[in-house]
$ cat entry-v3.cif   # mmCIF, C-alpha atoms
data_model
loop_
_atom_site.label_atom_id
_atom_site.label_comp_id
_atom_site.auth_asym_id
_atom_site.auth_seq_id
_atom_site.Cartn_x
_atom_site.Cartn_y
_atom_site.Cartn_z
CA MET C 1 -7.95 -3.64 -23.27
CA LYS C 2 -8.27 -6.82 -21.25
CA ILE C 3 -7.61 -7.94 -17.71
CA TYR C 4 -5.86 -11.12 -16.62
CA ASP C 5 -8.02 -12.41 -13.83
CA PHE C 6 -8.65 -15.28 -11.41
CA PRO C 7 -12.14 -15.36 -9.84
CA MET C 8 -11.09 -16.78 -6.45
CA ALA C 9 -8.24 -14.35 -5.73
CA PRO C 10 -8.97 -11.19 -3.71
CA ASN C 11 -7.07 -8.54 -5.68
CA PRO C 12 -8.69 -9.31 -9.05
CA ARG C 13 -12.07 -9.09 -7.29
CA ARG C 14 -11.27 -5.57 -6.05
CA VAL C 15 -10.92 -4.44 -9.67
CA ARG C 16 -13.99 -6.39 -10.86
CA ILE C 17 -16.17 -4.76 -8.19
CA PHE C 18 -14.71 -1.33 -8.99
CA LEU C 19 -15.48 -1.73 -12.70
CA ALA C 20 -18.97 -3.10 -11.94
CA GLU C 21 -19.70 0.00 -9.83
CA LYS C 22 -18.66 2.15 -12.81
CA ASN C 23 -20.58 -0.08 -15.22
CA ILE C 24 -17.46 -0.61 -17.35
CA GLN C 25 -17.48 -3.78 -19.44
CA MET C 26 -14.20 -5.64 -19.67
CA VAL C 27 -12.70 -8.70 -21.35
CA TYR C 28 -11.30 -11.03 -18.69
CA VAL C 29 -8.63 -13.64 -19.41
CA HIS C 30 -8.58 -16.53 -16.95
CA VAL C 31 -5.19 -17.29 -15.34
CA ASP C 32 -5.36 -20.25 -12.94
CA ILE C 33 -3.18 -19.47 -9.90
CA PHE C 34 -3.73 -22.98 -8.49
CA LYS C 35 -2.23 -24.45 -11.67
CA GLY C 36 0.69 -21.99 -11.48
CA GLU C 37 -0.30 -20.25 -14.70
CA ASN C 38 0.77 -16.94 -13.13
CA ARG C 39 4.33 -18.23 -12.68
CA THR C 40 5.07 -19.21 -16.28
CA VAL C 41 7.82 -17.36 -18.16
CA GLU C 42 5.18 -15.97 -20.50
CA PHE C 43 3.04 -14.55 -17.69
CA MET C 44 6.03 -13.17 -15.77
CA ARG C 45 6.81 -11.07 -18.85
CA LYS C 46 3.45 -9.37 -18.26
CA ASN C 47 3.99 -9.00 -14.49
CA PRO C 48 7.41 -9.85 -13.02
CA MET C 49 5.73 -10.09 -9.57
CA GLY C 50 3.55 -12.94 -10.83
CA GLY C 51 0.46 -11.28 -9.36
CA LEU C 52 -3.06 -10.70 -10.63
CA PRO C 53 -4.84 -8.67 -11.88
CA VAL C 54 -2.92 -7.30 -14.86
CA LEU C 55 -4.43 -4.77 -17.28
CA GLU C 56 -3.18 -5.16 -20.85
CA PHE C 57 -3.45 -2.08 -23.05
CA ASP C 58 -4.03 -2.44 -26.78
CA ASP C 59 -0.44 -1.29 -27.41
CA GLY C 60 0.84 -4.30 -25.45
CA THR C 61 1.90 -2.53 -22.24
CA TYR C 62 0.88 -3.95 -18.88
CA LEU C 63 -0.41 -2.17 -15.79
CA THR C 64 -0.37 -4.05 -12.47
CA GLU C 65 -1.40 -3.28 -8.87
CA SER C 66 -5.16 -3.26 -8.25
CA VAL C 67 -5.37 0.31 -6.98
CA ALA C 68 -3.28 1.65 -9.88
CA ILE C 69 -5.67 -0.10 -12.29
CA CYS C 70 -8.65 1.37 -10.43
CA ARG C 71 -7.13 4.85 -10.50
CA TYR C 72 -6.64 4.57 -14.27
CA PHE C 73 -10.35 3.85 -14.77
CA GLU C 74 -11.29 6.57 -12.25
CA GLY C 75 -9.41 9.06 -14.44
CA LEU C 76 -10.95 7.68 -17.63
CA GLN C 77 -14.50 7.64 -16.29
CA PRO C 78 -14.89 9.76 -13.12
CA ASP C 79 -18.60 8.90 -12.54
CA PRO C 80 -19.59 7.60 -10.12
CA PRO C 81 -16.58 8.80 -8.12
CA LEU C 82 -15.04 5.98 -6.08
CA MET C 83 -11.70 7.67 -5.23
CA GLY C 84 -12.75 11.18 -4.21
CA VAL C 85 -13.83 14.34 -5.99
CA ASP C 86 -11.28 17.08 -5.15
CA PRO C 87 -7.67 17.07 -3.84
CA ARG C 88 -8.66 16.94 -0.19
CA ASP C 89 -11.39 14.33 -0.66
CA ILE C 90 -9.11 12.24 -2.91
CA ALA C 91 -6.47 12.29 -0.17
CA PHE C 92 -8.91 11.20 2.55
CA VAL C 93 -10.27 8.35 0.41
CA GLU C 94 -6.68 7.23 -0.19
CA MET C 95 -6.02 7.40 3.55
CA TRP C 96 -9.03 5.18 4.26
CA ASN C 97 -8.22 2.78 1.47
CA ARG C 98 -4.64 2.40 2.73
CA ARG C 99 -5.89 1.93 6.28
CA MET C 100 -8.15 -0.87 5.01
CA GLU C 101 -5.18 -2.42 3.19
CA LEU C 102 -2.76 -2.17 6.11
CA GLU C 103 -5.08 -2.76 9.06
CA ILE C 104 -7.67 -5.18 7.63
CA PHE C 105 -6.63 -6.75 4.30
CA SER C 106 -2.97 -7.36 5.13
CA PRO C 107 -3.45 -9.20 8.47
CA ILE C 108 -6.25 -11.36 7.01
CA ALA C 109 -4.12 -12.22 3.96
CA ASN C 110 -1.15 -12.99 6.22
CA VAL C 111 -3.22 -15.41 8.33
CA ILE C 112 -4.33 -17.29 5.22
CA GLN C 113 -0.89 -17.31 3.59
CA HIS C 114 0.70 -18.67 6.74
CA THR C 115 -1.96 -21.29 7.61
CA HIS C 116 -3.87 -22.39 4.49
CA PRO C 117 -2.72 -25.63 2.80
CA ALA C 118 -2.86 -23.90 -0.62
CA PHE C 119 0.21 -21.84 0.32
CA ILE C 120 2.41 -24.66 1.70
CA THR C 121 4.43 -24.97 -1.50
CA ARG C 122 4.41 -21.24 -2.26
CA ILE C 123 5.80 -19.56 0.88
CA LYS C 124 7.60 -20.57 4.06
CA GLN C 125 4.67 -20.71 6.46
CA ILE C 126 5.33 -19.42 9.99
CA PRO C 127 2.35 -20.29 12.26
CA GLU C 128 3.62 -17.94 15.01
CA PHE C 129 3.43 -15.05 12.56
CA ALA C 130 -0.11 -16.05 11.53
CA GLU C 131 -1.14 -15.97 15.19
CA VAL C 132 0.29 -12.48 15.76
CA ARG C 133 -1.44 -11.23 12.65
CA ARG C 134 -4.80 -12.82 13.55
CA ASP C 135 -4.75 -11.09 16.94
CA TYR C 136 -3.84 -7.82 15.26
CA GLY C 137 -6.55 -8.10 12.61
CA LEU C 138 -9.28 -8.92 15.13
CA GLN C 139 -8.25 -5.94 17.24
CA ARG C 140 -8.34 -3.68 14.18
CA LEU C 141 -11.83 -4.96 13.26
CA GLU C 142 -13.02 -3.61 16.62
CA TRP C 143 -11.50 -0.26 15.72
CA LEU C 144 -13.27 -0.41 12.33
CA ASP C 145 -16.51 -1.16 14.19
CA SER C 146 -16.09 2.10 16.13
CA ILE C 147 -15.64 3.98 12.83
CA LEU C 148 -18.72 2.41 11.23
CA ALA C 149 -20.76 3.26 14.34
CA GLN C 150 -20.43 6.89 13.20
CA ARG C 151 -21.22 6.68 9.50
CA GLN C 152 -22.61 4.68 6.61
CA PHE C 153 -19.42 3.87 4.71
CA ILE C 154 -15.75 3.63 5.60
CA ALA C 155 -14.60 6.96 4.17
CA GLY C 156 -17.84 8.79 5.05
CA GLU C 157 -21.38 8.91 3.67
CA ARG C 158 -20.35 7.86 0.15
CA TYR C 159 -19.35 4.37 -1.02
CA THR C 160 -15.69 4.34 -2.14
CA ILE C 161 -12.78 2.08 -3.03
CA ALA C 162 -12.07 1.79 0.72
CA ASP C 163 -15.33 -0.14 1.10
CA ILE C 164 -14.32 -2.47 -1.73
CA THR C 165 -10.94 -3.21 -0.12
CA ALA C 166 -12.48 -4.02 3.26
CA GLN C 167 -15.35 -6.03 1.72
CA VAL C 168 -12.99 -8.22 -0.32
CA ALA C 169 -10.69 -8.71 2.68
CA ILE C 170 -13.50 -9.78 4.99
CA ASP C 171 -15.03 -12.14 2.40
CA LEU C 172 -11.57 -13.65 1.90
CA GLY C 173 -11.10 -14.22 5.63
CA VAL C 174 -14.58 -15.68 6.13
CA ASN C 175 -14.77 -17.83 2.98
CA LEU C 176 -11.21 -19.03 2.50
CA GLY C 177 -9.77 -18.61 5.99
CA GLY C 178 -12.84 -19.74 7.93
CA LEU C 179 -12.35 -16.74 10.24
CA LYS C 180 -15.30 -15.50 12.31
CA LEU C 181 -14.79 -11.86 11.43
CA LEU C 182 -18.36 -10.60 11.80
CA ASP C 183 -19.05 -11.84 15.34
CA GLY C 184 -19.51 -9.07 17.88
CA VAL C 185 -18.80 -6.22 15.46
CA HIS C 186 -22.37 -5.12 14.80
CA HIS C 187 -21.59 -2.01 12.79
CA VAL C 188 -19.16 -3.88 10.55
CA LYS C 189 -21.85 -6.53 10.10
CA ARG C 190 -24.49 -3.91 9.13
CA TRP C 191 -22.05 -2.32 6.69
CA HIS C 192 -21.01 -5.73 5.28
CA GLU C 193 -24.65 -6.62 4.60
CA ALA C 194 -25.12 -3.29 2.83
CA VAL C 195 -22.08 -3.62 0.54
CA SER C 196 -22.86 -7.31 -0.09
CA SER C 197 -26.35 -6.44 -1.31
CA ARG C 198 -25.00 -4.14 -4.05
CA PRO C 199 -25.05 -5.77 -7.52
CA SER C 200 -21.27 -5.24 -7.76
CA ALA C 201 -20.70 -7.75 -4.93
CA LYS C 202 -21.36 -10.56 -7.42
CA ALA C 203 -18.47 -9.41 -9.62
CA MET T 1 -1.29 23.42 8.24
CA LYS T 2 1.40 21.52 10.08
CA ILE T 3 2.89 18.04 10.01
CA TYR T 4 3.63 15.87 13.01
CA ASP T 5 7.05 14.48 12.24
CA PHE T 6 9.99 12.43 13.56
CA PRO T 7 13.28 12.91 11.69
CA MET T 8 14.57 9.34 12.09
CA ALA T 9 11.43 7.52 10.92
CA PRO T 10 11.14 6.55 7.24
CA ASN T 11 7.54 7.52 6.46
CA PRO T 12 7.83 11.14 7.65
CA ARG T 13 10.98 11.41 5.51
CA ARG T 14 9.04 10.36 2.40
CA VAL T 15 6.74 13.36 2.88
CA ARG T 16 9.61 15.76 3.74
CA ILE T 17 11.47 14.81 0.53
CA PHE T 18 8.25 15.10 -1.49
CA LEU T 19 7.59 18.62 -0.14
CA ALA T 20 11.24 19.65 -0.63
CA GLU T 21 11.02 18.59 -4.30
CA LYS T 22 7.93 20.79 -4.65
CA ASN T 23 9.59 23.60 -2.68
CA ILE T 24 6.65 23.70 -0.23
CA GLN T 25 7.50 25.13 3.18
CA MET T 26 5.90 23.40 6.15
CA VAL T 27 5.69 23.70 9.93
CA TYR T 28 6.90 20.45 11.51
CA VAL T 29 5.96 19.37 15.04
CA HIS T 30 8.40 16.94 16.61
CA VAL T 31 6.87 13.72 18.04
CA ASP T 32 9.47 11.45 19.60
CA ILE T 33 8.64 7.84 18.74
CA PHE T 34 11.44 6.52 20.99
CA LYS T 35 9.81 8.28 23.96
CA GLY T 36 6.39 6.88 22.98
CA GLU T 37 4.96 10.32 22.25
CA ASN T 38 3.03 8.79 19.32
CA ARG T 39 1.21 6.41 21.68
CA THR T 40 -0.27 8.95 24.05
CA VAL T 41 -4.05 9.32 24.25
CA GLU T 42 -3.70 12.83 22.87
CA PHE T 43 -1.73 11.73 19.81
CA MET T 44 -3.96 8.71 19.15
CA ARG T 45 -6.84 11.15 18.77
CA LYS T 46 -4.96 12.59 15.79
CA ASN T 47 -4.07 9.17 14.37
CA PRO T 48 -5.63 6.04 15.91
CA MET T 49 -2.87 3.98 14.22
CA GLY T 50 -0.24 5.87 16.21
CA GLY T 51 1.83 6.40 13.07
CA LEU T 52 3.67 9.36 11.64
CA PRO T 53 3.48 11.59 9.66
CA VAL T 54 0.12 13.27 10.31
CA LEU T 55 -1.01 16.39 8.44
CA GLU T 56 -3.15 18.72 10.55
CA PHE T 57 -5.43 21.05 8.61
CA ASP T 58 -6.26 24.48 10.01
CA ASP T 59 -9.84 23.28 10.69
CA GLY T 60 -8.46 20.59 13.04
CA THR T 61 -8.92 17.53 10.81
CA TYR T 62 -6.08 15.06 10.42
CA LEU T 63 -4.81 13.33 7.31
CA THR T 64 -2.55 10.29 7.73
CA GLU T 65 -0.75 7.85 5.38
CA SER T 66 2.32 9.30 3.66
CA VAL T 67 1.14 8.73 0.11
CA ALA T 68 -2.28 10.25 0.83
CA ILE T 69 -0.53 13.34 2.23
CA CYS T 70 1.70 13.48 -0.86
CA ARG T 71 -1.29 13.13 -3.18
CA TYR T 72 -3.01 16.04 -1.42
CA PHE T 73 -0.04 18.31 -2.10
CA GLU T 74 0.26 16.97 -5.66
CA GLY T 75 -3.31 18.14 -6.25
CA LEU T 76 -2.69 21.49 -4.55
CA GLN T 77 0.56 22.20 -6.41
CA PRO T 78 0.98 19.96 -9.47
CA ASP T 79 4.46 21.29 -10.42
CA PRO T 80 6.86 19.61 -10.57
CA PRO T 81 4.74 16.49 -11.11
CA LEU T 82 5.85 13.65 -8.85
CA MET T 83 2.78 11.39 -9.26
CA GLY T 84 2.18 11.46 -13.02
CA VAL T 85 0.64 13.90 -15.49
CA ASP T 86 -2.38 12.15 -17.10
CA PRO T 87 -4.60 9.18 -16.13
CA ARG T 88 -2.34 6.59 -17.72
CA ASP T 89 0.90 8.12 -16.40
CA ILE T 90 -0.63 8.59 -12.93
CA ALA T 91 -1.57 4.90 -12.91
CA PHE T 92 1.92 3.76 -13.92
CA VAL T 93 3.59 5.95 -11.28
CA GLU T 94 1.22 4.46 -8.71
CA MET T 95 2.11 0.96 -9.92
CA TRP T 96 5.83 1.68 -9.49
CA ASN T 97 5.34 3.35 -6.13
CA ARG T 98 3.35 0.38 -4.86
CA ARG T 99 5.94 -2.03 -6.22
CA MET T 100 8.59 -0.10 -4.27
CA GLU T 101 6.43 -0.29 -1.14
CA LEU T 102 5.63 -3.98 -1.44
CA GLU T 103 8.87 -5.33 -2.91
CA ILE T 104 11.52 -3.04 -1.36
CA PHE T 105 10.21 -0.94 1.56
CA SER T 106 8.10 -3.62 3.22
CA PRO T 107 10.75 -6.40 3.40
CA ILE T 108 13.41 -3.94 4.64
CA ALA T 109 11.04 -2.57 7.30
CA ASN T 110 10.08 -6.12 8.33
CA VAL T 111 13.75 -7.10 8.80
CA ILE T 112 14.34 -4.09 11.05
CA GLN T 113 11.09 -4.50 13.02
CA HIS T 114 11.84 -8.16 13.69
CA THR T 115 15.58 -7.81 14.53
CA HIS T 116 16.34 -4.30 15.82
CA PRO T 117 16.48 -3.81 19.61
CA ALA T 118 14.33 -0.66 19.30
CA PHE T 119 11.32 -2.84 18.46
CA ILE T 120 11.67 -5.47 21.21
CA THR T 121 9.06 -3.85 23.42
CA ARG T 122 6.82 -2.78 20.53
CA ILE T 123 6.13 -5.95 18.53
CA LYS T 124 6.56 -9.69 18.96
CA GLN T 125 9.81 -10.23 17.07
CA ILE T 126 10.02 -13.40 14.97
CA PRO T 127 13.62 -13.88 13.74
CA GLU T 128 12.55 -16.59 11.27
CA PHE T 129 10.21 -14.10 9.61
CA ALA T 130 13.00 -11.49 9.43
CA GLU T 131 15.18 -14.06 7.64
CA VAL T 132 12.51 -14.88 5.05
CA ARG T 133 11.94 -11.20 4.42
CA ARG T 134 15.67 -10.42 4.13
CA ASP T 135 16.07 -13.11 1.47
CA TYR T 136 13.01 -11.79 -0.34
CA GLY T 137 14.16 -8.17 -0.23
CA LEU T 138 17.65 -8.97 -1.53
CA GLN T 139 16.16 -10.94 -4.38
CA ARG T 140 13.85 -8.06 -5.26
CA LEU T 141 16.77 -5.61 -5.21
CA GLU T 142 18.31 -7.67 -8.02
CA TRP T 143 15.06 -7.33 -9.93
CA LEU T 144 15.14 -3.56 -9.31
CA ASP T 145 18.70 -3.53 -10.62
CA SER T 146 17.45 -5.02 -13.89
CA ILE T 147 14.84 -2.25 -14.13
CA LEU T 148 17.34 0.53 -13.44
CA ALA T 149 19.67 -0.94 -16.08
CA GLN T 150 17.09 0.25 -18.61
CA ARG T 151 16.34 3.78 -17.44
CA GLN T 152 17.28 6.71 -15.27
CA PHE T 153 14.54 6.57 -12.64
CA ILE T 154 12.23 3.88 -11.30
CA ALA T 155 9.07 4.87 -13.17
CA GLY T 156 10.90 6.02 -16.31
CA GLU T 157 12.99 9.03 -17.31
CA ARG T 158 11.35 11.35 -14.76
CA TYR T 159 11.95 11.44 -10.99
CA THR T 160 8.75 10.47 -9.12
CA ILE T 161 7.38 9.45 -5.74
CA ALA T 162 8.47 5.88 -6.56
CA ASP T 163 12.11 7.03 -6.34
CA ILE T 164 11.42 8.64 -2.97
CA THR T 165 9.89 5.44 -1.57
CA ALA T 166 12.83 3.30 -2.70
CA GLN T 167 15.43 5.86 -1.59
CA VAL T 168 13.98 6.11 1.92
CA ALA T 169 13.68 2.32 2.18
CA ILE T 170 17.29 1.71 1.15
CA ASP T 171 18.63 4.44 3.46
CA LEU T 172 16.60 2.89 6.29
CA GLY T 173 18.03 -0.58 5.62
CA VAL T 174 21.61 0.65 5.30
CA ASN T 175 21.63 3.17 8.17
CA LEU T 176 19.36 1.58 10.77
CA GLY T 177 19.44 -2.07 9.74
CA GLY T 178 23.13 -2.24 8.80
CA LEU T 179 22.12 -4.10 5.63
CA LYS T 180 24.51 -4.17 2.67
CA LEU T 181 21.87 -3.29 0.11
CA LEU T 182 24.07 -1.60 -2.50
CA ASP T 183 26.65 -4.38 -2.99
CA GLY T 184 26.56 -5.98 -6.42
CA VAL T 185 23.58 -3.98 -7.70
CA HIS T 186 25.44 -1.45 -9.82
CA HIS T 187 22.44 0.20 -11.42
CA VAL T 188 20.68 0.61 -8.08
CA LYS T 189 23.93 2.12 -6.74
CA ARG T 190 24.17 4.59 -9.65
CA TRP T 191 20.52 5.56 -9.15
CA HIS T 192 20.95 5.84 -5.36
CA GLU T 193 23.92 8.20 -5.81
CA ALA T 194 21.83 10.32 -8.17
CA VAL T 195 18.80 10.65 -5.88
CA SER T 196 21.04 11.16 -2.84
CA SER T 197 22.77 14.12 -4.53
CA ARG T 198 19.47 15.99 -4.95
CA PRO T 199 18.97 18.77 -2.36
CA SER T 200 15.74 17.05 -1.23
CA ALA T 201 17.75 14.09 0.11
CA LYS T 202 18.73 16.22 3.12
CA ALA T 203 15.06 16.70 4.06
#

$ encode --input "entry-v3.cif" --output "structure tokens"
Amino acid sequence: MKIYDFPMAPNPRRVRIFLAEKNIQMVYVHVDIFKGENRTVEFMRKNPMGGLPVLEFDDGTYLTESVAICRYFEGLQPDPPLMGVDPRDIAFVEMWNRRMELEIFSPIANVIQHTHPAFITRIKQIPEFAEVRRDYGLQRLEWLDSILAQRQFIAGERYTIADITAQVAIDLGVNLGGLKLLDGVHHVKRWHEAVSSRPSAKA
Amino acid sequence: MKIYDFPMAPNPRRVRIFLAEKNIQMVYVHVDIFKGENRTVEFMRKNPMGGLPVLEFDDGTYLTESVAICRYFEGLQPDPPLMGVDPRDIAFVEMWNRRMELEIFSPIANVIQHTHPAFITRIKQIPEFAEVRRDYGLQRLEWLDSILAQRQFIAGERYTIADITAQVAIDLGVNLGGLKLLDGVHHVKRWHEAVSSRPSAKA
């Protein structure tokens, strides 16, 4: 198995952190998004969406979508559990992970896609949309702050994939988007320092 | 257990179809989105996002996010399997379900949110964004047509949650958005007729 990867992109990092937490070694193949290497005919045969990461199995089939890749490894190696331990817990972790995707990751990604110079040639940027999404994301960070006032991690007292999704989103917004996402949200800041101090954060 | 539901909204329908396929009976509580019943203080205590559906457990906890609710019932009653049968299959079904969410459901929902009069008071509508998303969605439907040229259902030869997501999205676009989504995509049309003829389609 190997994973097609680009260090600077957020979704590949979600999988790298997930695998680091499980202590799974992986072969990574570098695909440079900035050079358009993910839009070549050859790469689009691996993933018709042109996105990263892509997991290649030894039989030559390709699995895409970060969370689907994570769930495959969760099934293969359940310890430590990052996606829940029984049907009810699995469902609640999925709920929190999807909330982090929809309420935190998605607005931050939208702001960057619709304002950052790197995306000018790749999508039709609509600054008005970026503004709406920035306001939404900042409002949702306050909601997340109220959640993290009550507990250690996003889905409860155990670190899960939901923490990884939010961590990667916030790092993306701060580092690439220059967004001040940790001002005034003290519980998010405490949680962000905790997840950032885990060895997996370097993945 | 009971589910807070609104018949006309797409996400509650995903769960109703899923439960109908599993022949699971459920108590549904009607929450009228058009009357703003999902934005009351009382409802927001159940789901701070204000979205439907919401599964209420008998102990008074609330599970949100359609796919998380589906995954809970998949764990509780695995037959018939709608989310895969082993770690690799589960991952591929998740990949296809997410592709249907991101490539089909999301653009169709965006077009409706940013053009339909029902959303004028609920979001800041940006017609230019709706246009970009309509073009994107139509292009992705052609890609889906090429997939369904090769097999019976979206994730392979078995009906799965990925079919439900695409079915609900297309019905939403056609019925509420007035979009001509089935013109010229013959394999999607054949598939849509097949899923629409299942008893669960009435759910």

$ residues_near_point --input "entry-v3.cif" --point "(-18.9, 9.7, 4.9)" --cutoff "12 Å" --atoms "all atoms listed in the file" --output "PyMOL selection string"
chain C and resi 84+89+92-93+96+147-160+162-163

$ atom_distance --input "entry-v3.cif" --atom1 "CA of Val31 (chain C)" --atom2 "CA of Met100 (chain T)"
24.7 Å

$ closest_atom_pairs --input "entry-v3.cif" --of "chain T" --to "chain C" --cutoff "9 Å" --atoms "all atoms listed in the file" --output "JSON lines"
{"residue": "T:Pro48", "atom": "CA", "partner": "C:Trp143", "partner_atom": "CA", "distance": 8.6}
{"residue": "T:Met49", "atom": "CA", "partner": "C:Arg99", "partner_atom": "CA", "distance": 8.7}
{"residue": "T:Leu63", "atom": "CA", "partner": "C:Phe92", "partner_atom": "CA", "distance": 6.6}
{"residue": "T:Thr64", "atom": "CA", "partner": "C:Met95", "partner_atom": "CA", "distance": 6.2}
{"residue": "T:Glu65", "atom": "CA", "partner": "C:Met95", "partner_atom": "CA", "distance": 5.6}
{"residue": "T:Ser66", "atom": "CA", "partner": "C:Met95", "partner_atom": "CA", "distance": 8.6}
{"residue": "T:Val67", "atom": "CA", "partner": "C:Glu94", "partner_atom": "CA", "distance": 8.0}
{"residue": "T:Ala68", "atom": "CA", "partner": "C:Ala91", "partner_atom": "CA", "distance": 4.8}
{"residue": "T:Ile69", "atom": "CA", "partner": "C:Ala91", "partner_atom": "CA", "distance": 6.5}
{"residue": "T:Cys70", "atom": "CA", "partner": "C:Ala91", "partner_atom": "CA", "distance": 8.3}
{"residue": "T:Arg71", "atom": "CA", "partner": "C:Ala91", "partner_atom": "CA", "distance": 6.0}
{"residue": "T:Tyr72", "atom": "CA", "partner": "C:Ala91", "partner_atom": "CA", "distance": 5.3}
{"residue": "T:Phe73", "atom": "CA", "partner": "C:Pro87", "partner_atom": "CA", "distance": 7.9}
{"residue": "T:Glu74", "atom": "CA", "partner": "C:Pro87", "partner_atom": "CA", "distance": 8.1}
{"residue": "T:Gly75", "atom": "CA", "partner": "C:Pro87", "partner_atom": "CA", "distance": 5.1}
{"residue": "T:Leu76", "atom": "CA", "partner": "C:Pro87", "partner_atom": "CA", "distance": 6.7}
{"residue": "T:Asp86", "atom": "CA", "partner": "C:Gly75", "partner_atom": "CA", "distance": 8.1}
{"residue": "T:Pro87", "atom": "CA", "partner": "C:Gly75", "partner_atom": "CA", "distance": 5.1}
{"residue": "T:Arg88", "atom": "CA", "partner": "C:Tyr72", "partner_atom": "CA", "distance": 5.9}
{"residue": "T:Asp89", "atom": "CA", "partner": "C:Tyr72", "partner_atom": "CA", "distance": 8.6}
{"residue": "T:Ile90", "atom": "CA", "partner": "C:Tyr72", "partner_atom": "CA", "distance": 7.4}
{"residue": "T:Ala91", "atom": "CA", "partner": "C:Ala68", "partner_atom": "CA", "distance": 4.8}
{"residue": "T:Phe92", "atom": "CA", "partner": "C:Leu63", "partner_atom": "CA", "distance": 6.6}
{"residue": "T:Val93", "atom": "CA", "partner": "C:Ala68", "partner_atom": "CA", "distance": 8.2}
{"residue": "T:Glu94", "atom": "CA", "partner": "C:Ala68", "partner_atom": "CA", "distance": 5.4}
{"residue": "T:Met95", "atom": "CA", "partner": "C:Ala68", "partner_atom": "CA", "distance": 5.4}
{"residue": "T:Trp96", "atom": "CA", "partner": "C:Glu65", "partner_atom": "CA", "distance": 8.8}
{"residue": "T:Arg98", "atom": "CA", "partner": "C:Glu65", "partner_atom": "CA", "distance": 7.2}
{"residue": "T:Arg99", "atom": "CA", "partner": "C:Glu65", "partner_atom": "CA", "distance": 7.9}
{"residue": "T:Glu103", "atom": "CA", "partner": "C:Met49", "partner_atom": "CA", "distance": 8.8}
{"residue": "T:Lys124", "atom": "CA", "partner": "C:Val132", "partner_atom": "CA", "distance": 7.6}
{"residue": "T:Ile126", "atom": "CA", "partner": "C:Phe129", "partner_atom": "CA", "distance": 7.2}
{"residue": "T:Glu128", "atom": "CA", "partner": "C:Ile126", "partner_atom": "CA", "distance": 7.9}
{"residue": "T:Phe129", "atom": "CA", "partner": "C:Ile126", "partner_atom": "CA", "distance": 7.2}
{"residue": "T:Val132", "atom": "CA", "partner": "C:Lys124", "partner_atom": "CA", "distance": 7.6}
{"residue": "T:Trp143", "atom": "CA", "partner": "C:Pro48", "partner_atom": "CA", "distance": 8.6}

$ axis_aligned_box --input "entry-v3.cif" --around "region 78-82 of chain C" --padding-each-side "5 Å" --output "lines of an AutoDock Vina configuration file"
center_x = -17.2
center_y = 7.9
center_z = -9.6
size_x = 14.7
size_y = 13.8
size_z = 17.0

$ resolve_selection --input "entry-v3.cif" --expression "the PyMOL selection byres ((chain T and resi 122) around 12)" --output "ChimeraX atom specification"
/T:33-36,39,50,113-121,123-125

$ atom_distance --input "entry-v3.cif" --atom1 "CA of Phe6 (chain C)" --atom2 "CA of Glu42 (chain C)"
16.6 Å

$ residues_near_point --input "entry-v3.cif" --point "(-15.1, 4.8, -6.7)" --cutoff "6 Å" --atoms "all atoms listed in the file" --output "VMD selection string"
chain C and resid 81 to 83 160 to 161

$ atom_distance --input "entry-v3.cif" --atom1 "CA of Glu37 (chain T)" --atom2 "CA of Leu172 (chain T)"
21.1 Å

$ residues_around --input "entry-v3.cif" --residues "region 16-22 of chain T" --least-positions-apart "6" --cutoff "7 Å" --atoms "all atoms listed in the file" --output "list of chain:residue names"
T:Cys70, T:Asp79, T:Pro80, T:Ser200, T:Ala201, T:Ala203

$ resolve_selection --input "entry-v3.cif" --expression "the PyMOL selection byres ((chain T and resi 52) around 7)" --output "PyMOL selection string"
chain T and resi 4-5+11-12+50-51+53-54

$ closest_residue --input "entry-v3.cif" --among "C:Glu56, C:Asn23, C:Pro78, C:Ile108" --to "Gly177 (chain C)" --atoms "all atoms listed in the file"
C:Ile108

$ closest_residue --input "entry-v3.cif" --among "T:Val168, T:Ile24, T:Tyr136, T:Ala9" --to "Gln77 (chain T)" --atoms "only C-alpha atoms"
T:Ile24

$ closest_residue --input "entry-v3.cif" --among "T:Val111, T:Met1, T:Val195, T:Leu141" --to "Leu181 (chain T)" --atoms "all atoms listed in the file"
T:Leu141

$ resolve_selection --input "entry-v3.cif" --expression "the PyMOL selection byres ((chain C and resi 179) around 12)" --output "list of chain:residue names"
C:Pro107, C:Ile108, C:Ala109, C:Val111, C:Ile112, C:Thr115, C:His116, C:Arg134, C:Asp135, C:Gly137, C:Leu138, C:Ala169, C:Ile170, C:Asp171, C:Leu172, C:Gly173, C:Val174, C:Asn175, C:Leu176, C:Gly177, C:Gly178, C:Lys180, C:Leu181, C:Leu182, C:Asp183
